[in-house]
Amino acid sequence: MALDDDEFAALVAEHDRDLRRLAFRLVGDRHAMDDALQDAYVKAFRALPRFRGASSPRTWLYRIVYNACLDHLRRRRTYAQLDEAVATPARGDAVAGRAALASALAALPVDQRGAVLLVDVQGFTYPEAAAVFDVPVGTVASRLSRGREALRAALAPTREGAE
């Protein structure tokens, strides 16, 4: 069940916006996101003849993008804070809340951040995320649990702030 060029173009067009969000939040800036996505889309296009439908096309594409982001992070070894993630205009406490969330998300280890982004933000099921990461479902669950706990701890009001 190989995808043809038109099906691939439709798959990318359908998921590009969400893939951009995922890549941006994984690598930390727009230039790095563009580089990682370009690498991923080229790799995916070249891999079209080998796609046999063992996973859904969506899962297959997300896995390629996720791995391209990891490769980019390994090459770069550092990543910027997610300041641009709060670019949506908002007022008052909402801006502070978005900035705190972006900072807390950026501080997570990449495996936990990836699990939170795919399951909680992109709506992947545990088995779909496991296929993207090429890990058992239980590993996704533990990464997600640790990531959520770290986010709760980072975003919880401090005792001083509550008094």
# chains A, B, ... in the order shown; residues from 1 in each chain; ligands from 1
call {"tool": "residues_around", "arguments": {"residues": "region 134-140 of chain A", "least_positions_apart": "3", "cutoff": "12 Å", "atoms": "only C-alpha atoms", "output": "ChimeraX atom specification"}}
result
/A:55,59-60,62-64,66-67,111-120,124-131,143-148
call {"tool": "residues_around", "arguments": {"residues": "Asp16 (chain A)", "least_positions_apart": "5", "cutoff": "12 Å", "atoms": "only C-alpha atoms", "output": "PDB file with C-alpha atoms, in the first residue's frame"}}
result
ATOM      1  CA  PHE A   8       1.767  12.157  -0.075  1.00  0.00           C
ATOM      2  CA  ALA A   9       1.127  15.800  -0.954  1.00  0.00           C
ATOM      3  CA  ALA A  10      -2.399  15.540   0.474  1.00  0.00           C
ATOM      4  CA  LEU A  11      -1.068  13.867   3.654  1.00  0.00           C
ATOM      5  CA  ARG A  21       3.534  22.939  16.028  1.00  0.00           C
ATOM      6  CA  LEU A  22       5.103  19.684  17.135  1.00  0.00           C
ATOM      7  CA  ALA A  23       8.443  20.450  15.498  1.00  0.00           C
ATOM      8  CA  PHE A  24       8.509  23.997  16.860  1.00  0.00           C
ATOM      9  CA  MET A  33      11.606  23.928  12.883  1.00  0.00           C
ATOM     10  CA  ASP A  34      11.855  24.751   9.188  1.00  0.00           C
ATOM     11  CA  LEU A  37      10.589  19.757   8.670  1.00  0.00           C
ATOM     12  CA  GLN A  38      12.438  20.150   5.396  1.00  0.00           C
ATOM     13  CA  ALA A  40      11.638  15.173   7.416  1.00  0.00           C
ATOM     14  CA  TYR A  41       9.574  15.865   4.310  1.00  0.00           C
ATOM     15  CA  ARG A  58      -0.339   9.828   9.678  1.00  0.00           C
ATOM     16  CA  LEU A  61       4.752  10.830   8.842  1.00  0.00           C
ATOM     17  CA  TYR A  62       4.730  11.927  12.501  1.00  0.00           C
ATOM     18  CA  VAL A  65       9.116  14.317  11.692  1.00  0.00           C
TER      19      VAL A  65
END
call {"tool": "atom_distance", "arguments": {"atom1": "CA of Ala2 (chain A)", "atom2": "CA of Gly53 (chain A)"}}
result
7.0 Å
call {"tool": "select_by_dssp", "arguments": {"residues": "chain A", "states": "alpha helix (DSSP H)", "output": "PyMOL selection string"}}
result
chain A and resi 5-27+30-47+57-76+92-107+110-115+126-133+137-155+159-162
call {"tool": "atom_distance", "arguments": {"atom1": "CA of Ala102 (chain A)", "atom2": "CA of His72 (chain A)"}}
result
19.8 Å
